[in-house]
>>> print(open('coords28.cif').read())   # mmCIF, C-alpha atoms
data_my_file
loop_
_atom_site.label_atom_id
_atom_site.label_comp_id
_atom_site.auth_asym_id
_atom_site.auth_seq_id
_atom_site.Cartn_x
_atom_site.Cartn_y
_atom_site.Cartn_z
CA MET A 1 -2.01 12.67 23.17
CA ILE A 2 -3.46 10.86 20.16
CA SER A 3 -2.41 11.89 16.65
CA VAL A 4 -4.64 11.04 13.70
CA VAL A 5 -3.06 11.15 10.24
CA ILE A 6 -5.40 11.48 7.25
CA PRO A 7 -4.46 12.19 3.61
CA PHE A 8 -6.99 14.11 1.49
CA LEU A 9 -7.19 14.51 -2.27
CA ASN A 10 -10.13 16.42 -3.75
CA GLU A 11 -12.58 15.49 -0.97
CA GLU A 12 -14.53 18.77 -0.82
CA LYS A 13 -17.88 16.92 -0.73
CA LEU A 14 -17.03 14.83 2.33
CA ILE A 15 -14.38 16.63 4.31
CA THR A 16 -16.48 18.81 6.64
CA ARG A 17 -18.86 16.00 7.54
CA PHE A 18 -15.97 13.59 8.03
CA LEU A 19 -14.02 15.90 10.34
CA ASN A 20 -17.14 16.69 12.39
CA GLU A 21 -17.77 12.99 13.01
CA LEU A 22 -14.11 12.27 13.67
CA CYS A 23 -13.83 15.06 16.25
CA GLU A 24 -16.96 13.81 18.01
CA ASN A 25 -15.45 10.35 18.27
CA MET A 26 -12.06 11.67 19.36
CA GLU A 27 -13.77 13.44 22.26
CA GLN A 28 -15.07 10.05 23.42
CA THR A 29 -11.52 8.84 24.06
CA GLY A 30 -11.10 11.42 26.82
CA GLU A 31 -7.57 12.18 25.61
CA ALA A 32 -5.97 15.25 24.05
CA TYR A 33 -5.66 14.84 20.31
CA GLU A 34 -4.41 16.36 17.09
CA ILE A 35 -5.70 15.59 13.61
CA VAL A 36 -2.96 15.90 10.99
CA CYS A 37 -4.67 16.50 7.66
CA VAL A 38 -2.37 16.10 4.66
CA ASP A 39 -3.64 17.87 1.55
CA ASP A 40 -2.04 15.89 -1.27
CA GLY A 41 -2.15 18.58 -3.95
CA SER A 42 -5.94 18.92 -4.15
CA THR A 43 -7.25 20.98 -7.07
CA ASP A 44 -10.72 21.68 -5.60
CA THR A 45 -11.67 23.51 -2.39
CA THR A 46 -10.38 20.78 -0.04
CA LEU A 47 -7.59 22.95 1.39
CA GLN A 48 -9.91 25.94 1.86
CA LYS A 49 -12.41 23.76 3.73
CA LEU A 50 -9.61 22.40 5.93
CA ILE A 51 -8.46 25.92 6.80
CA GLU A 52 -12.03 26.97 7.52
CA PHE A 53 -12.58 23.98 9.81
CA ARG A 54 -9.33 24.66 11.60
CA SER A 55 -10.53 28.16 12.46
CA ARG A 56 -13.22 26.46 14.58
CA ASN A 57 -11.08 23.64 15.98
CA SER A 58 -7.41 24.24 16.79
CA SER A 59 -6.77 20.51 17.10
CA ILE A 60 -6.66 20.39 13.30
CA LYS A 61 -3.14 20.59 11.83
CA ILE A 62 -2.74 20.93 8.07
CA LEU A 63 0.16 19.92 5.87
CA SER A 64 -0.28 21.23 2.33
CA LEU A 65 2.00 19.41 -0.11
CA SER A 66 3.41 21.27 -3.10
CA ARG A 67 1.72 18.85 -5.54
CA ASN A 68 0.09 15.44 -5.67
CA PHE A 69 2.76 12.92 -4.59
CA GLY A 70 0.45 9.93 -4.03
CA LEU A 71 -1.12 8.16 -1.07
CA GLN A 72 2.00 6.58 0.45
CA PRO A 73 4.13 9.78 0.41
CA ALA A 74 1.20 11.74 1.86
CA LEU A 75 0.83 9.21 4.67
CA THR A 76 4.59 9.36 5.26
CA ALA A 77 4.44 13.16 5.59
CA GLY A 78 1.74 12.87 8.25
CA ILE A 79 3.52 10.07 10.09
CA GLU A 80 6.75 12.08 10.23
CA TYR A 81 4.91 15.19 11.46
CA ALA A 82 2.69 13.55 14.11
CA LYS A 83 3.74 14.10 17.72
CA GLY A 84 1.27 12.01 19.72
CA ASP A 85 1.89 9.12 22.11
CA TYR A 86 -0.47 7.10 19.94
CA LEU A 87 -0.83 7.39 16.19
CA ILE A 88 -3.96 6.52 14.21
CA ILE A 89 -3.68 6.18 10.42
CA MET A 90 -6.86 6.24 8.36
CA ASP A 91 -8.45 7.28 5.08
CA GLY A 92 -10.68 10.33 4.84
CA ASP A 93 -13.53 8.98 2.70
CA PHE A 94 -15.63 7.24 5.42
CA GLN A 95 -14.38 3.81 4.32
CA ASP A 96 -12.44 3.81 7.58
CA PRO A 97 -15.39 4.63 9.88
CA PRO A 98 -14.65 7.39 12.44
CA GLU A 99 -16.78 5.57 15.04
CA LEU A 100 -14.13 2.84 15.18
CA VAL A 101 -11.44 5.25 16.42
CA PRO A 102 -12.46 4.90 20.12
CA VAL A 103 -12.66 1.13 19.60
CA LEU A 104 -9.06 1.04 18.34
CA PHE A 105 -7.88 3.19 21.25
CA ASP A 106 -9.71 1.06 23.85
CA LYS A 107 -8.25 -2.10 22.29
CA ILE A 108 -4.63 -0.93 22.41
CA LYS A 109 -5.04 0.31 25.99
CA ALA A 110 -6.77 -2.86 27.18
CA THR A 111 -4.37 -5.33 25.55
CA GLY A 112 -1.11 -3.41 25.95
CA ALA A 113 -0.37 -4.12 22.29
CA ASP A 114 1.98 -1.98 20.21
CA ILE A 115 -0.21 -2.10 17.08
CA VAL A 116 -3.91 -2.66 16.54
CA SER A 117 -5.01 -3.06 12.93
CA ALA A 118 -8.54 -3.03 11.56
CA VAL A 119 -9.18 -6.19 9.51
CA ARG A 120 -11.84 -6.00 6.82
CA GLU A 121 -14.26 -8.84 7.48
CA ALA A 122 -16.52 -7.81 4.60
CA ARG A 123 -16.41 -5.16 1.89
CA ASN A 124 -19.28 -3.16 0.41
CA GLU A 125 -17.38 -1.63 -2.49
CA LYS A 126 -17.89 -2.21 -6.19
CA PHE A 127 -17.80 -5.86 -7.24
CA THR A 128 -14.83 -5.48 -9.62
CA LYS A 129 -12.78 -3.59 -7.02
CA ARG A 130 -13.46 -6.29 -4.44
CA ILE A 131 -12.20 -8.91 -6.89
CA TYR A 132 -8.96 -7.01 -7.59
CA ILE A 133 -8.26 -6.42 -3.91
CA ASN A 134 -9.07 -9.99 -2.85
CA ILE A 135 -6.78 -11.37 -5.58
CA PHE A 136 -3.97 -9.06 -4.44
CA HIS A 137 -4.30 -10.06 -0.79
CA ARG A 138 -4.31 -13.78 -1.66
CA ILE A 139 -1.23 -13.45 -3.87
CA PHE A 140 0.58 -11.13 -1.45
CA ASP A 141 -0.10 -13.45 1.49
CA LYS A 142 1.27 -16.45 -0.43
CA LEU A 143 4.35 -14.64 -1.77
CA THR A 144 5.33 -13.30 1.65
CA GLY A 145 4.87 -16.65 3.38
CA GLY A 146 2.08 -15.38 5.62
CA GLN A 147 4.24 -12.61 7.10
CA GLN A 148 1.69 -9.99 6.07
CA VAL A 149 -1.79 -9.66 7.57
CA SER A 150 -4.44 -10.27 4.93
CA GLN A 151 -7.32 -7.81 4.39
CA THR A 152 -5.71 -4.94 6.27
CA GLY A 153 -5.13 -1.47 4.88
CA ASN A 154 -3.94 1.77 6.41
CA PHE A 155 -6.50 1.86 9.25
CA CYS A 156 -4.69 1.17 12.52
CA ILE A 157 -3.39 2.61 15.79
CA ILE A 158 0.24 2.28 16.91
CA ASN A 159 2.08 3.35 20.05
CA LYS A 160 5.21 5.49 20.28
CA LYS A 161 7.53 2.48 20.10
CA ALA A 162 6.07 1.26 16.80
CA HIS A 163 5.90 4.85 15.53
CA ARG A 164 9.64 5.32 16.08
CA ALA A 165 10.32 2.04 14.27
CA MET A 166 8.32 3.13 11.22
CA LEU A 167 10.22 6.42 11.10
CA GLN A 168 13.48 4.51 10.54
CA PHE A 169 12.46 3.45 7.02
CA SER A 170 13.99 5.55 4.24
CA GLU A 171 12.90 3.69 1.09
CA ARG A 172 11.29 5.61 -1.79
CA ASN A 173 8.68 3.05 -2.87
CA ARG A 174 6.60 2.52 0.23
CA TYR A 175 3.72 0.30 1.25
CA ILE A 176 2.70 1.44 4.73
CA PRO A 177 0.70 -1.70 5.72
CA GLY A 178 3.69 -3.85 4.72
CA ILE A 179 6.08 -1.70 6.76
CA ARG A 180 3.73 -1.85 9.75
CA ASN A 181 3.69 -5.66 9.65
CA PHE A 182 7.43 -5.91 8.94
CA ILE A 183 8.50 -4.13 12.14
CA GLY A 184 6.98 -6.84 14.32
CA PHE A 185 6.03 -5.93 17.90
CA ARG A 186 2.84 -7.13 19.56
CA HIS A 187 -0.03 -6.93 17.09
CA GLU A 188 -3.75 -7.12 17.83
CA PHE A 189 -6.79 -6.75 15.58
CA ILE A 190 -10.39 -5.64 15.39
CA LEU A 191 -12.86 -6.75 12.72
CA TYR A 192 -15.13 -4.44 10.76
CA ASP A 193 -17.18 -4.26 7.59
CA ARG A 194 -15.63 -1.79 5.17
CA PRO A 195 -18.36 0.44 3.71
CA ASP A 196 -18.34 2.06 0.31
CA ARG A 197 -17.74 5.82 0.19
CA PRO A 198 -21.07 7.70 0.55
CA GLU A 199 -20.40 10.08 -2.35
CA GLY A 200 -17.67 11.28 -4.67
CA GLU A 201 -15.27 9.25 -6.79
CA ALA A 202 -12.63 6.88 -5.45
CA LYS A 203 -9.15 8.36 -5.80
CA MET A 204 -7.43 4.97 -6.16
CA SER A 205 -7.99 4.03 -9.80
CA ARG A 206 -7.26 0.54 -11.17
CA LYS A 207 -3.89 1.79 -12.39
CA LYS A 208 -2.98 3.22 -8.97
CA LEU A 209 -4.13 0.03 -7.24
CA PHE A 210 -1.98 -2.03 -9.61
CA LEU A 211 1.08 0.17 -8.98
CA LEU A 212 0.51 -0.03 -5.22
CA ALA A 213 0.26 -3.83 -5.45
CA SER A 214 3.50 -3.90 -7.47
CA ASP A 215 5.29 -1.81 -4.84
CA ALA A 216 4.07 -4.17 -2.12
CA ILE A 217 5.18 -7.34 -3.93
CA TYR A 218 8.57 -6.00 -5.06
CA SER A 219 9.32 -4.52 -1.62
CA PHE A 220 8.35 -7.49 0.54
CA SER A 221 8.83 -10.57 -1.64
CA LYS A 222 11.66 -12.18 -3.60
CA TRP A 223 9.23 -14.22 -5.72
CA PRO A 224 9.53 -12.15 -8.95
CA ILE A 225 13.19 -13.21 -9.15
CA ILE A 226 12.36 -16.79 -8.13
CA ILE A 227 9.76 -17.00 -10.90
CA CYS A 228 12.47 -15.93 -13.36
CA LEU A 229 14.69 -18.74 -12.07
CA TYR A 230 11.93 -21.30 -12.50
CA LEU A 231 11.18 -20.08 -16.02
CA GLY A 232 14.88 -20.32 -16.86
CA LEU A 233 15.08 -23.89 -15.53
CA LEU A 234 11.96 -24.79 -17.50
CA GLY A 235 13.59 -23.35 -20.64
CA ILE A 236 16.74 -25.44 -20.07
CA PHE A 237 14.61 -28.56 -19.55
CA ILE A 238 12.72 -27.96 -22.82
CA PHE A 239 16.04 -27.29 -24.57
CA PHE A 240 17.43 -30.70 -23.48
CA LEU A 241 14.23 -32.41 -24.61
CA ALA A 242 14.68 -30.76 -28.02
CA ILE A 243 18.28 -32.05 -28.19
CA ILE A 244 17.17 -35.59 -27.33
CA TYR A 245 14.40 -35.42 -29.93
CA THR A 246 16.77 -34.15 -32.64
CA VAL A 247 19.44 -36.80 -31.94
CA ALA A 248 16.83 -39.57 -31.78
CA SER A 249 15.24 -38.46 -35.05
CA LYS A 250 18.66 -38.61 -36.75
CA PHE A 251 19.37 -42.15 -35.58
CA LEU A 252 15.84 -43.39 -36.30
CA GLY A 253 15.77 -41.82 -39.74
CA PHE A 254 12.99 -39.34 -39.06
CA ALA A 255 13.28 -35.99 -40.73
CA PRO A 256 13.69 -33.27 -38.07
CA ILE A 257 10.95 -30.67 -37.86
CA GLY A 258 11.83 -27.67 -39.97
CA TRP A 259 11.13 -24.01 -39.58
CA SER A 260 8.08 -24.45 -37.30
CA SER A 261 10.11 -26.10 -34.53
CA MET A 262 12.82 -23.49 -34.94
CA PHE A 263 10.27 -20.70 -34.80
CA LEU A 264 8.67 -22.09 -31.64
CA ALA A 265 12.05 -22.53 -29.96
CA ILE A 266 13.15 -19.00 -30.80
CA SER A 267 9.81 -17.61 -29.64
CA PHE A 268 9.94 -19.48 -26.34
CA PHE A 269 13.49 -18.54 -25.43
CA GLY A 270 12.98 -14.99 -26.66
CA SER A 271 9.92 -14.64 -24.42
CA VAL A 272 11.82 -16.01 -21.42
CA GLN A 273 14.70 -13.61 -22.00
CA LEU A 274 12.36 -10.63 -22.40
CA THR A 275 10.60 -11.63 -19.17
CA PHE A 276 13.96 -11.71 -17.40
CA LEU A 277 14.96 -8.35 -18.82
CA GLY A 278 11.65 -6.77 -17.82
CA LEU A 279 11.89 -7.96 -14.23
CA ILE A 280 15.57 -7.11 -13.92
CA GLY A 281 14.82 -3.70 -15.42
CA GLU A 282 12.14 -3.13 -12.79
CA TYR A 283 14.61 -3.91 -10.00
CA VAL A 284 17.30 -1.73 -11.61
CA TYR A 285 14.82 1.16 -11.87
CA ARG A 286 13.91 0.79 -8.20
CA ILE A 287 17.59 0.71 -7.24
CA PHE A 288 18.11 3.84 -9.34
CA LYS A 289 15.27 5.62 -7.53
CA GLU A 290 16.75 4.67 -4.15
CA VAL A 291 20.24 5.83 -5.16
CA GLN A 292 18.84 9.19 -6.30
CA ASP A 293 17.68 9.66 -2.69
CA ARG A 294 15.19 12.36 -3.65
CA PRO A 295 12.67 13.53 -1.04
CA ILE A 296 9.37 11.72 -1.51
CA TYR A 297 7.30 14.85 -0.78
CA PHE A 298 7.60 18.61 -0.33
CA VAL A 299 5.51 20.63 2.12
CA GLN A 300 4.24 23.92 0.71
CA ASP A 301 2.48 25.26 3.83
CA ILE A 302 1.88 24.18 7.40
CA TYR A 303 -1.15 25.42 9.33
CA GLU A 304 -0.89 24.83 13.07
#
>>> encode(input="coords28.cif", output="structure tokens")
Amino acid sequence: MISVVIPFLNEEKLITRFLNELCENMEQTGEAYEIVCVDDGSTDTTLQKLIEFRSRNSSIKILSLSRNFGLQPALTAGIEYAKGDYLIIMDGDFQDPPELVPVLFDKIKATGADIVSAVREARNEKFTKRIYINIFHRIFDKLTGGQQVSQTGNFCIINKKAHRAMLQFSERNRYIPGIRNFIGFRHEFILYDRPDRPEGEAKMSRKKLFLLASDAIYSFSKWPIIICLYLGLLGIFIFFLAIIYTVASKFLGFAPIGWSSMFLAISFFGSVQLTFLGLIGEYVYRIFKEVQDRPIYFVQDIYE
């Protein structure tokens, strides 16, 4: 059986059309399937439309979360609930095209791979969004030493072995594509052009994209701490240059620079210290969230 996990948030305009196309493409695989729809606290008629669609197709399973917990927790809920031998993860806004689902399944069957990810060869989204995302992928790829696959998102298919590995993660701040690449196993790819959503507003705002990028970098890279170290070493180097300059000016009879040099020195070292404190505070906060060990989502209702 193939399980498809899809989070939805206020997608009343697209959801019926999307599920119709997805079911048509799932039939092409020739396998039994379930579609796990996670309603992430929608405030429109998304849940009602899901329930209505399920009355016509019993392959639809619905997890209704008690409130909006965010994309990664919603995906986690679906991943933990899915029971299939293969698991497909995708978005429900047509930016992960349903017609590629049989392609993913054929690829994993033909190659014997454990994971097949869809790599975005081109993007047809808004220009500014493309810039933000391309910058993130370039930085993330460099900071992780090439251990992450660039230009991949949630859209993928994994087998039972990789599914079990992903279920072993218990961290609060999650980045599903990073976890998928971290577990290893045999990984194959397909290329596709990522379309823009046909209608409705994108649910990932600039702020949410920035927070997701922060989670990815903090979770899978040690570079924030290394940057602090480099800044600290640079500060020490500048400090020794200032000592040499002051001593030399005394012996050569030059008057040392007065308040301006003192002001610049205090400003520089103060900025470095505040940078350190901010980054250390971010890590302490994340440790605090992990130690709290709170559930990352709550299910209000299950329709199956």
>>> residues_near_point(input="coords28.cif", point="(9.9, -4.9, 14.8)", cutoff="8 Å", atoms="all atoms listed in the file", output="short mmCIF file (atom, residue, chain, number, x, y, z; two decimals) with C-alpha atoms, in the frame of the given file")
data_model
loop_
_atom_site.label_atom_id
_atom_site.label_comp_id
_atom_site.auth_asym_id
_atom_site.auth_seq_id
_atom_site.Cartn_x
_atom_site.Cartn_y
_atom_site.Cartn_z
CA ALA A 162 6.07 1.26 16.80
CA ALA A 165 10.32 2.04 14.27
CA PHE A 182 7.43 -5.91 8.94
CA ILE A 183 8.50 -4.13 12.14
CA GLY A 184 6.98 -6.84 14.32
CA PHE A 185 6.03 -5.93 17.90
#
>>> resolve_selection(input="coords28.cif", expression="the PyMOL selection byres ((chain A and resi 88) around 7)", output="number ranges by chain")
A: 3-5, 86-87, 89-90, 156-158
>>> write_last_selection(input="coords28.cif", atoms="C-alpha atoms", output="PDB file, in the frame of the given file")
ATOM      1  CA  SER A   3      -2.410  11.890  16.650  1.00  0.00           C
ATOM      2  CA  VAL A   4      -4.640  11.040  13.700  1.00  0.00           C
ATOM      3  CA  VAL A   5      -3.060  11.150  10.240  1.00  0.00           C
ATOM      4  CA  TYR A  86      -0.470   7.100  19.940  1.00  0.00           C
ATOM      5  CA  LEU A  87      -0.830   7.390  16.190  1.00  0.00           C
ATOM      6  CA  ILE A  89      -3.680   6.180  10.420  1.00  0.00           C
ATOM      7  CA  MET A  90      -6.860   6.240   8.360  1.00  0.00           C
ATOM      8  CA  CYS A 156      -4.690   1.170  12.520  1.00  0.00           C
ATOM      9  CA  ILE A 157      -3.390   2.610  15.790  1.00  0.00           C
ATOM     10  CA  ILE A 158       0.240   2.280  16.910  1.00  0.00           C
TER      11      ILE A 158
END
>>> resolve_selection(input="coords28.cif", expression="the PyMOL selection byres ((chain A and resi 52) around 12)", output="list in words")
Glu12, Ile15, Thr16, Leu19, Thr45, Thr46, Leu47, Gln48, Lys49, Leu50, Ile51, Phe53, Arg54, Ser55, Arg56, Asn57, Ser58, Ile60, Lys61, Ile62 and Tyr303 of chain A
>>> residues_around(input="coords28.cif", residues="A:Phe169", least_positions_apart="6", cutoff="12 Å", atoms="all atoms listed in the file", output="PyMOL selection string")
chain A and resi 76+79-80+162-163+175-176+178-180+182-183
>>> closest_residue(input="coords28.cif", among="A:Phe155, A:Tyr33, A:Tyr283, A:Phe189", to="A:Val116", atoms="all atoms listed in the file")
A:Phe189
>>> residues_around(input="coords28.cif", residues="A:Leu104", least_positions_apart="3", cutoff="12 Å", atoms="only C-alpha atoms", output="number ranges by chain")
A: 2, 4, 25-26, 28-29, 86-90, 96-101, 107-119, 155-159, 188-192
>>> atom_distance(input="coords28.cif", atom1="atom CA of A:Val291", atom2="atom CA of A:Asn173")
12.1 Å
>>> atom_distance(input="coords28.cif", atom1="atom CA of A:Phe269", atom2="atom CA of A:Ile244")
17.5 Å
>>> closest_residue(input="coords28.cif", among="A:Asp93, A:Ile35, A:Asp85, A:Gly70", to="A:Lys13", atoms="all atoms listed in the file")
A:Asp93
>>> closest_residue(input="coords28.cif", among="A:Asp39, A:Asp193, A:Asp44, A:Glu304", to="A:Gly78", atoms="all atoms listed in the file")
A:Asp39
>>> atom_distance(input="coords28.cif", atom1="atom CA of A:Gly84", atom2="atom CA of A:Met1")
4.8 Å
>>> resolve_selection(input="coords28.cif", expression="the PyMOL selection byres ((chain A and resi 37) around 6)", output="list in words")
Ile6, Pro7, Val36, Val38 and Ile62 of chain A
